[in-house]
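Student: My file is protein-v4.cif. It has mmCIF, C-alpha atoms:
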```
data_my_file
#
loop_
_atom_site.label_atom_id
_atom_site.label_comp_id
_atom_site.auth_asym_id
_atom_site.auth_seq_id
_atom_site.Cartn_x
_atom_site.Cartn_y
_atom_site.Cartn_z
CA MET U 165 -110.58 2.08 -225.60
CA ASN U 166 -108.24 4.30 -223.56
CA LYS U 167 -107.55 7.30 -225.80
CA ASN U 168 -104.92 8.62 -223.40
CA LYS U 169 -102.90 5.40 -223.75
CA ILE U 170 -103.02 5.67 -227.55
CA ILE U 171 -101.83 9.28 -227.39
CA ILE U 172 -98.96 8.28 -225.09
CA LEU U 173 -97.91 5.53 -227.50
CA ILE U 174 -97.93 7.94 -230.43
CA LEU U 175 -95.88 10.57 -228.60
CA LEU U 176 -93.28 8.18 -227.23
CA THR U 177 -92.83 5.82 -230.15
CA GLY U 178 -94.13 7.56 -233.24
CA VAL U 179 -96.05 4.35 -233.94
CA TYR U 180 -99.83 4.14 -233.92
CA SER U 181 -101.28 1.41 -231.71
CA LEU U 182 -104.76 -0.06 -231.87
CA SER U 183 -104.44 -1.54 -228.38
CA ALA U 184 -104.82 0.15 -225.03
CA GLU U 185 -103.32 -2.82 -223.18
CA SER U 186 -99.90 -2.80 -221.58
CA TYR U 187 -97.21 -4.83 -223.29
CA LYS U 188 -97.21 -8.51 -222.32
CA ILE U 189 -94.87 -11.46 -222.82
CA GLY U 190 -94.43 -12.19 -226.52
CA ASP U 191 -95.15 -8.61 -227.66
CA PHE U 192 -92.63 -6.67 -229.71
CA VAL U 193 -91.80 -3.27 -228.22
CA ALA U 194 -91.89 -0.16 -230.40
CA ASP U 195 -89.02 2.29 -230.01
CA PHE U 196 -89.17 4.89 -227.24
CA SER U 197 -86.82 7.44 -225.73
CA ASP U 198 -86.66 9.85 -222.80
CA SER U 199 -84.14 12.12 -221.10
CA LEU U 200 -81.73 10.80 -218.49
CA CYS U 201 -81.71 12.27 -214.99
CA THR U 202 -78.03 13.18 -215.10
CA SER U 203 -78.06 15.01 -218.43
CA ASN U 204 -80.20 16.12 -221.37
CA VAL U 205 -79.05 13.10 -223.34
CA GLU U 206 -81.83 10.88 -224.65
CA TRP U 207 -81.80 7.15 -223.83
CA THR U 208 -83.32 5.34 -226.79
CA LEU U 209 -84.41 1.69 -226.80
CA TYR U 210 -83.54 0.98 -230.42
CA ASP U 211 -79.96 2.19 -229.95
CA HIS U 212 -79.51 -1.39 -228.67
CA TYR U 213 -81.35 -3.08 -231.55
CA GLY U 214 -78.86 -5.06 -233.63
CA ASP U 215 -80.93 -4.73 -236.82
CA LEU U 216 -80.47 -0.94 -236.66
CA ASN U 217 -77.11 -0.35 -234.97
CA GLY U 218 -74.83 -2.50 -237.09
CA GLY U 219 -75.40 -5.84 -235.36
CA GLU U 220 -74.60 -5.09 -231.71
CA ASN U 221 -77.42 -7.05 -230.07
CA LYS U 222 -78.37 -6.49 -226.43
CA VAL U 223 -80.86 -7.77 -223.87
CA ILE U 224 -82.65 -4.82 -222.22
CA TRP U 225 -83.75 -4.79 -218.58
CA LEU U 226 -86.22 -2.08 -217.53
CA VAL U 227 -86.36 -1.47 -213.77
CA PHE U 228 -89.52 0.44 -212.80
CA PHE U 229 -89.40 1.91 -209.30
CA ASN U 230 -90.80 4.60 -207.01
CA THR U 231 -88.50 6.48 -204.65
CA SER U 232 -90.90 6.25 -201.69
CA SER U 233 -91.16 2.44 -201.94
CA ARG U 234 -89.01 0.75 -199.30
CA ARG U 235 -88.78 -2.38 -201.44
CA CYS U 236 -87.47 -0.31 -204.36
CA GLN U 237 -84.90 1.34 -202.10
CA LEU U 238 -83.69 -2.01 -200.77
CA GLU U 239 -83.58 -3.47 -204.28
CA ALA U 240 -81.57 -0.66 -205.89
CA ALA U 241 -78.08 -1.89 -204.99
CA TYR U 242 -79.04 -5.47 -205.87
CA THR U 243 -80.11 -4.46 -209.38
CA GLN U 244 -76.65 -2.97 -209.92
CA SER U 245 -75.04 -6.25 -208.83
CA ILE U 246 -77.08 -8.10 -211.49
CA GLN U 247 -75.96 -5.60 -214.13
CA ASN U 248 -72.36 -6.12 -213.02
CA LEU U 249 -72.80 -9.87 -213.37
CA PHE U 250 -74.31 -9.89 -216.85
CA GLY U 251 -73.12 -6.59 -218.34
CA ASN U 252 -70.19 -8.07 -220.23
CA GLN U 253 -72.51 -10.72 -221.68
CA GLY U 254 -74.81 -8.20 -223.35
CA LEU U 255 -77.25 -7.00 -220.66
CA VAL U 256 -78.21 -3.31 -220.66
CA THR U 257 -80.12 -2.01 -217.63
CA VAL U 258 -82.09 1.25 -217.39
CA GLY U 259 -83.99 2.48 -214.34
CA ILE U 260 -87.33 4.22 -214.87
CA GLY U 261 -88.27 6.09 -211.71
CA SER U 262 -91.07 8.22 -210.30
CA GLY U 263 -92.07 9.86 -207.02
CA TRP U 264 -89.08 12.21 -206.90
CA ASN U 265 -88.97 14.72 -204.04
CA ASN U 266 -86.50 16.85 -202.11
CA GLU U 267 -85.13 13.80 -200.32
CA PHE U 268 -84.79 11.72 -203.46
CA GLU U 269 -84.10 13.93 -206.45
CA CYS U 270 -83.77 12.18 -209.77
CA LYS U 271 -80.13 13.15 -210.25
CA ASP U 272 -79.20 11.90 -206.75
CA TRP U 273 -80.74 8.42 -206.89
CA SER U 274 -77.69 6.85 -208.51
CA LYS U 275 -75.34 8.41 -205.97
CA ASN U 276 -77.45 7.49 -202.96
CA TYR U 277 -77.84 3.83 -203.95
CA SER U 278 -74.57 3.17 -205.83
CA VAL U 279 -76.40 2.68 -209.14
CA MET U 280 -74.31 3.19 -212.27
CA TYR U 281 -76.84 2.32 -214.98
CA PRO U 282 -78.87 5.19 -216.54
CA ILE U 283 -82.01 6.51 -214.81
CA ILE U 284 -85.01 8.09 -216.54
CA ASN U 285 -87.41 10.47 -214.79
CA ASP U 286 -90.89 9.04 -215.42
CA ASP U 287 -92.92 11.16 -212.98
CA ARG U 288 -95.82 11.34 -215.44
CA LEU U 289 -95.75 7.50 -215.66
CA ASN U 290 -95.72 7.70 -219.46
CA LEU U 291 -93.27 4.81 -219.78
CA ARG U 292 -94.58 2.75 -216.86
CA SER U 293 -98.10 2.78 -218.33
CA LEU U 294 -96.79 1.14 -221.48
CA PHE U 295 -95.67 -1.90 -219.49
CA THR U 296 -97.85 -2.13 -216.38
CA GLU U 297 -100.75 -0.59 -214.50
CA GLU U 298 -99.68 -2.34 -211.29
CA THR U 299 -97.40 -1.48 -208.39
CA VAL U 300 -93.62 -1.27 -208.40
CA PRO U 301 -91.01 -2.58 -208.35
CA HIS U 302 -91.77 -3.99 -211.77
CA HIS U 303 -89.23 -5.65 -214.05
CA VAL U 304 -89.27 -6.11 -217.81
CA LEU U 305 -86.80 -8.05 -220.00
CA ILE U 306 -86.68 -7.36 -223.73
CA ASP U 307 -84.64 -9.73 -225.88
CA HIS U 308 -82.42 -8.83 -228.84
CA ASN U 309 -85.43 -9.00 -231.18
CA MET U 310 -87.18 -6.30 -229.08
CA GLN U 311 -89.62 -8.95 -227.83
CA ILE U 312 -90.72 -9.10 -224.19
CA VAL U 313 -89.64 -12.34 -222.51
CA TYR U 314 -90.37 -11.34 -218.89
CA THR U 315 -92.65 -8.81 -217.21
CA ALA U 316 -93.74 -9.03 -213.57
CA LYS U 317 -94.28 -6.90 -210.49
CA GLY U 318 -92.46 -7.53 -207.24
CA THR U 319 -88.88 -7.64 -206.05
CA ILE U 320 -86.29 -9.86 -207.71
CA MET U 321 -84.11 -10.02 -204.59
CA PRO U 322 -83.43 -13.56 -203.27
CA PRO U 323 -85.25 -15.79 -202.85
CA MET U 324 -87.83 -14.25 -205.21
CA GLY U 325 -85.80 -13.73 -208.40
CA ASN U 326 -85.07 -17.25 -209.64
CA GLU U 327 -87.35 -17.09 -212.68
CA PHE U 328 -86.05 -13.62 -213.51
CA LEU U 329 -82.40 -14.79 -213.47
CA LEU U 330 -83.23 -17.89 -215.51
CA THR U 331 -84.90 -15.68 -218.12
CA ILE U 332 -81.86 -13.39 -218.33
CA ASN U 333 -79.61 -16.41 -218.83
CA SER U 334 -81.90 -17.84 -221.50
CA ALA U 335 -82.27 -14.52 -223.36
CA ILE U 336 -78.51 -13.93 -223.40
CA GLN U 337 -77.83 -17.51 -224.47
CA ASN U 338 -80.36 -17.27 -227.29
CA MET U 339 -78.91 -13.94 -228.39
CA ASN U 340 -75.38 -15.30 -228.55
CA VAL U 341 -76.42 -18.53 -230.28
CA LEU U 342 -78.71 -16.87 -232.79
CA SER U 343 -76.14 -14.22 -233.72
CA SER U 344 -73.99 -16.99 -235.17
CA VAL U 345 -76.75 -19.24 -236.56
CA ASP U 346 -76.56 -20.07 -240.24
CA ASP U 347 -80.02 -20.84 -241.64
CA SER U 348 -78.53 -23.80 -243.52
CA GLN U 349 -77.63 -25.37 -240.15
CA LEU U 350 -81.23 -25.35 -238.95
CA PRO U 351 -83.54 -28.36 -239.46
CA GLU U 352 -85.89 -28.32 -242.45
CA ASN U 353 -88.88 -28.38 -240.08
CA PRO U 354 -89.42 -27.17 -236.50
CA LYS U 355 -87.82 -29.56 -234.03
CA LEU U 356 -88.58 -30.11 -230.33
CA ASN U 357 -85.47 -31.66 -228.79
CA SER U 358 -85.35 -34.15 -225.94
CA CYS U 359 -85.65 -32.50 -222.55
CA PHE U 360 -82.66 -32.77 -220.24
CA PRO U 361 -82.57 -34.15 -217.65
CA ASN U 362 -85.38 -36.65 -218.16
CA PRO U 363 -86.60 -38.06 -215.76
CA PHE U 364 -86.22 -34.90 -213.69
CA ASN U 365 -87.00 -33.46 -210.27
CA ASN U 366 -88.73 -30.06 -210.57
CA THR U 367 -86.52 -28.49 -213.28
CA THR U 368 -85.61 -29.54 -216.81
CA THR U 369 -84.33 -27.72 -219.91
CA ILE U 370 -86.60 -27.49 -222.95
CA SER U 371 -84.94 -26.71 -226.30
CA TYR U 372 -86.22 -26.39 -229.84
CA SER U 373 -85.25 -25.13 -233.29
CA ILE U 374 -87.29 -23.30 -235.94
CA ASN U 375 -86.21 -22.63 -239.52
CA GLN U 376 -88.56 -19.78 -240.35
CA GLU U 377 -90.36 -16.97 -238.56
CA THR U 378 -93.47 -18.37 -236.87
CA PRO U 379 -95.73 -18.05 -233.84
CA VAL U 380 -94.55 -20.41 -231.09
CA ASN U 381 -96.51 -21.93 -228.22
CA ILE U 382 -95.10 -24.45 -225.73
CA ASN U 383 -97.62 -26.29 -223.60
CA VAL U 384 -97.73 -28.98 -220.93
CA LEU U 385 -100.17 -31.84 -221.53
CA ASP U 386 -101.16 -34.60 -219.14
CA LEU U 387 -101.10 -38.29 -219.98
CA GLN U 388 -104.58 -38.04 -221.52
CA GLY U 389 -103.44 -35.23 -223.81
CA ARG U 390 -105.29 -32.47 -221.96
CA ASN U 391 -103.64 -29.06 -221.91
CA LYS U 392 -102.46 -28.32 -218.36
CA ASN U 393 -100.68 -25.03 -218.93
CA SER U 394 -98.98 -22.79 -221.49
CA ILE U 395 -95.28 -22.47 -220.61
CA LYS U 396 -94.26 -20.02 -223.33
CA SER U 397 -96.23 -18.11 -225.95
CA TYR U 398 -94.76 -15.86 -228.66
CA THR U 399 -96.65 -14.07 -231.39
CA SER U 400 -93.56 -14.51 -233.54
CA GLN U 401 -90.00 -15.87 -233.25
CA THR U 402 -87.20 -15.64 -235.79
CA PRO U 403 -85.31 -18.72 -237.07
CA GLY U 404 -82.83 -20.19 -234.60
CA ASN U 405 -82.17 -22.46 -231.64
CA TYR U 406 -83.92 -21.71 -228.34
CA SER U 407 -83.74 -23.14 -224.84
CA PHE U 408 -85.11 -22.32 -221.39
CA SER U 409 -85.50 -23.89 -217.97
CA TRP U 410 -88.95 -25.14 -216.93
CA ASN U 411 -89.81 -25.33 -213.23
CA SER U 412 -92.59 -27.84 -212.52
CA ASN U 413 -93.17 -27.08 -208.82
CA GLN U 414 -96.94 -26.85 -209.33
CA TYR U 415 -97.22 -30.35 -210.81
CA ALA U 416 -97.47 -33.75 -209.15
CA SER U 417 -95.15 -36.62 -210.03
CA GLY U 418 -96.08 -38.39 -213.25
CA VAL U 419 -95.79 -38.51 -217.02
CA TYR U 420 -96.37 -35.32 -219.03
CA PHE U 421 -95.97 -34.23 -222.63
CA ILE U 422 -94.20 -31.04 -223.71
CA GLN U 423 -95.92 -29.73 -226.82
CA LEU U 424 -94.36 -27.39 -229.40
CA VAL U 425 -96.93 -25.65 -231.63
CA THR U 426 -95.73 -23.60 -234.60
CA ASN U 427 -97.51 -22.21 -237.64
CA ASN U 428 -97.70 -25.51 -239.52
CA ASP U 429 -96.42 -28.12 -237.10
CA ILE U 430 -97.08 -29.73 -233.71
CA GLN U 431 -94.52 -31.87 -231.86
CA HIS U 432 -94.40 -33.64 -228.51
CA GLN U 433 -91.79 -34.94 -226.10
CA LYS U 434 -92.65 -37.22 -223.15
CA VAL U 435 -91.14 -36.31 -219.77
CA LEU U 436 -91.24 -38.03 -216.40
CA LEU U 437 -91.45 -35.86 -213.28
CA ILE U 438 -90.25 -37.56 -210.08
CA LYS U 439 -90.55 -35.80 -206.72
#
```
Could you quickly redo this structure as structure tokens?
Tutor:
Amino acid sequence: MNKNKIIILILLTGVYSLSAESYKIGDFVADFSDSLCTSNVEWTLYDHYGDLNGGENKVIWLVFFNTSSRRCQLEAAYTQSIQNLFGNQGLVTVGIGSGWNNEFECKDWSKNYSVMYPIINDDRLNLRSLFTEETVPHHVLIDHNMQIVYTAKGTIMPPMGNEFLLTINSAIQNMNVLSSVDDSQLPENPKLNSCFPNPFNNTTTISYSINQETPVNINVLDLQGRNKNSIKSYTSQTPGNYSFSWNSNQYASGVYFIQLVTNNDIQHQKVLLIK
């Protein structure tokens, strides 16, 4: 077990962790804070947690970068354009940078690359190590429940960022829908809805509803009922209606089953992929 990682987690979050692994999709993120480059003000994750701030839910995007990386430099202005696009829908972006030098000082990064979202100096890689041990750029999306719904290395500039943008859309949609969900409007049991479109060519929307907090796994099965792949996996999801877009590029044409597995229930929907 990596004792240094545990110490970092304690210092940054005040929460003891028994795991030395970086956060992965489905994990809930403990609170953390650090100083912004432009001032001594602390940026704190849970300032955007609706359960603690009076109900103002947000989707959080963490942009991990290194100043010496050409890909990070090229991506900087594009990340601001994404924030501009989704900011009024509830997206909050924060840059977490390292590798500062005389050419790229922390306080000057925003000015040099026309970035208006807050930047944190992470030269000791304390924050990056919580989310990845790999190279940057690295992007993390945290939904309004403080649960990771996306984490991956690499640029999100076109044509590489389709999955990233779909996840933002889905997280914001779920946030807005769930904020107005009345538990009495939810089905008595978990429900996997019909996929749309169906039949489909490459992409279809999968939606489901759950009426109580439960682990959720969504799998793809072949015609013989064999598990082909896990599409989504959450250690826990709160009651509500959820939807996301599934891209089936890696699959051949044919009949498949979408499987929803919750704590006490398993459901299936048949889909036909035509290429």
Student: Taking all atoms listed in the file into account, which of U:Gly190, U:Pro282, U:Pro361, U:Gly404 comes nearest Gln244 (chain U)?
Tutor: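 For Gln244 (chain U), the nearest of the given residues is U:Pro282.
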Student: Please provide the set of residues having any atom within 10 Å of region 326-328 of chain U, restricted to all atoms listed in the file, with same-chain residues fewer than 5 positions apart removed, written as a PDB file with C-alpha atoms, in the frame of the given file.
Tutor:
```
ATOM      1  CA  HIS U 303     -89.230  -5.650-214.050  1.00  0.00           C
ATOM      2  CA  VAL U 304     -89.270  -6.110-217.810  1.00  0.00           C
ATOM      3  CA  LEU U 305     -86.800  -8.050-220.000  1.00  0.00           C
ATOM      4  CA  VAL U 313     -89.640 -12.340-222.510  1.00  0.00           C
ATOM      5  CA  TYR U 314     -90.370 -11.340-218.890  1.00  0.00           C
ATOM      6  CA  THR U 315     -92.650  -8.810-217.210  1.00  0.00           C
ATOM      7  CA  ALA U 316     -93.740  -9.030-213.570  1.00  0.00           C
ATOM      8  CA  THR U 319     -88.880  -7.640-206.050  1.00  0.00           C
ATOM      9  CA  ILE U 320     -86.290  -9.860-207.710  1.00  0.00           C
ATOM     10  CA  MET U 321     -84.110 -10.020-204.590  1.00  0.00           C
ATOM     11  CA  ASN U 333     -79.610 -16.410-218.830  1.00  0.00           C
ATOM     12  CA  SER U 334     -81.900 -17.840-221.500  1.00  0.00           C
ATOM     13  CA  SER U 409     -85.500 -23.890-217.970  1.00  0.00           C
ATOM     14  CA  TRP U 410     -88.950 -25.140-216.930  1.00  0.00           C
ATOM     15  CA  ASN U 411     -89.810 -25.330-213.230  1.00  0.00           C
TER      16      ASN U 411
END
```
Student: Given the file shown, enumerate the residues that the PyMOL selection byres ((chain U and resi 412) around 10) captures and present them as a PDB file with C-alpha atoms, keeping the file's coordinate frame.
Tutor:
```
ATOM      1  CA  PHE U 364     -86.220 -34.900-213.690  1.00  0.00           C
ATOM      2  CA  ASN U 365     -87.000 -33.460-210.270  1.00  0.00           C
ATOM      3  CA  ASN U 366     -88.730 -30.060-210.570  1.00  0.00           C
ATOM      4  CA  THR U 367     -86.520 -28.490-213.280  1.00  0.00           C
ATOM      5  CA  THR U 368     -85.610 -29.540-216.810  1.00  0.00           C
ATOM      6  CA  VAL U 384     -97.730 -28.980-220.930  1.00  0.00           C
ATOM      7  CA  SER U 409     -85.500 -23.890-217.970  1.00  0.00           C
ATOM      8  CA  TRP U 410     -88.950 -25.140-216.930  1.00  0.00           C
ATOM      9  CA  ASN U 411     -89.810 -25.330-213.230  1.00  0.00           C
ATOM     10  CA  ASN U 413     -93.170 -27.080-208.820  1.00  0.00           C
ATOM     11  CA  GLN U 414     -96.940 -26.850-209.330  1.00  0.00           C
ATOM     12  CA  TYR U 415     -97.220 -30.350-210.810  1.00  0.00           C
ATOM     13  CA  ALA U 416     -97.470 -33.750-209.150  1.00  0.00           C
ATOM     14  CA  SER U 417     -95.150 -36.620-210.030  1.00  0.00           C
ATOM     15  CA  LEU U 437     -91.450 -35.860-213.280  1.00  0.00           C
TER      16      LEU U 437
END
```
Student: One number please: CA of Leu226 (chain U) to CA of Thr257 (chain U), in Å, one decimal.
Tutor: 6.1 Å
Student: Measuring atom to atom with only C-alpha atoms, identify which of U:Met324, U:Ile395, U:Leu387, U:Cys201 is nearest to Phe421 (chain U).
Tutor: U:Leu387
Student: What's the separation between CA of Thr369 (chain U) and CA of Asn383 (chain U), in Å to one decimal place?
Tutor: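 According to the coordinates, CA of Thr369 (chain U) and CA of Asn383 (chain U) are separated by 13.9 Å.
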Student: Padding 3 Å on each side, edges along x, y and z: where is the centre of the box around the listed atoms of region 413-422 of chain U, and how long are its edges in Å to one decimal? Output it as lines of an AutoDock Vina configuration file.
Tutor:
```
center_x = -95.3
center_y = -32.7
center_z = -216.3
size_x = 10.3
size_y = 17.7
size_z = 20.9
```
Student: List, as a ChimeraX atom specification, every residue that the PyMOL selection byres ((chain U and resi 279) around 7) selects in the file provided.
Tutor: /U:240-241,244,274-275,277-278,280-281
Student: Decode the PyMOL selection byres ((chain U and resi 289) around 12) for the given file into explicit residues and return them as a PyMOL selection string.
Tutor: chain U and resi 169+172+176+198+228-230+260-264+284-288+290-300
Student: What does the distance between CA of Asn375 (chain U) and CA of Asn357 (chain U) come to in Å, to one decimal place?
Tutor: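 These two atoms are separated by 14.0 Å.
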Student: Tell me which protein, DNA and RNA residues are within 10 Å of Gly389 (chain U), counting all atoms listed in the file, leaving out same-chain ones fewer than 3 positions away, and put them as a ChimeraX atom specification.
Tutor: /U:384-386,392,420-421,423
Student: N, CA and C atoms are what I want for region 284-297 of chain U; can you complete it accordingly and write them as a compact mmCIF listing (two decimals), in the coordinates of the input?
Tutor:
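Now in selection_0.txt:
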```
# COMPACT_ATOMS: atom_id res chain seq x y z
N ILE U 284 -84.09 7.19 -215.85
CA ILE U 284 -85.01 8.09 -216.54
C ILE U 284 -86.05 8.59 -215.55
N ASN U 285 -86.36 9.88 -215.62
CA ASN U 285 -87.41 10.47 -214.79
C ASN U 285 -88.75 10.22 -215.47
N ASP U 286 -89.59 9.40 -214.85
CA ASP U 286 -90.89 9.04 -215.42
C ASP U 286 -92.02 9.47 -214.49
N ASP U 287 -91.93 10.68 -213.95
CA ASP U 287 -92.92 11.16 -212.98
C ASP U 287 -94.34 11.16 -213.54
N ARG U 288 -94.48 11.35 -214.84
CA ARG U 288 -95.82 11.34 -215.44
C ARG U 288 -96.29 9.92 -215.74
N LEU U 289 -95.44 8.92 -215.47
CA LEU U 289 -95.75 7.50 -215.66
C LEU U 289 -96.04 7.17 -217.12
N ASN U 290 -95.52 7.97 -218.04
CA ASN U 290 -95.72 7.70 -219.46
C ASN U 290 -95.14 6.35 -219.86
N LEU U 291 -93.91 6.07 -219.41
CA LEU U 291 -93.27 4.81 -219.78
C LEU U 291 -93.85 3.65 -218.99
N ARG U 292 -94.06 3.86 -217.67
CA ARG U 292 -94.58 2.75 -216.86
C ARG U 292 -95.91 2.27 -217.41
N SER U 293 -96.77 3.17 -217.85
CA SER U 293 -98.10 2.78 -218.33
C SER U 293 -98.04 1.94 -219.59
N LEU U 294 -96.92 1.99 -220.31
CA LEU U 294 -96.79 1.14 -221.48
C LEU U 294 -96.58 -0.32 -221.10
N PHE U 295 -96.06 -0.55 -219.88
CA PHE U 295 -95.67 -1.90 -219.49
C PHE U 295 -96.47 -2.47 -218.33
N THR U 296 -97.08 -1.61 -217.51
CA THR U 296 -97.85 -2.13 -216.38
C THR U 296 -98.75 -1.04 -215.81
N GLU U 297 -99.87 -1.47 -215.26
CA GLU U 297 -100.75 -0.59 -214.50
C GLU U 297 -100.68 -0.96 -213.02
```
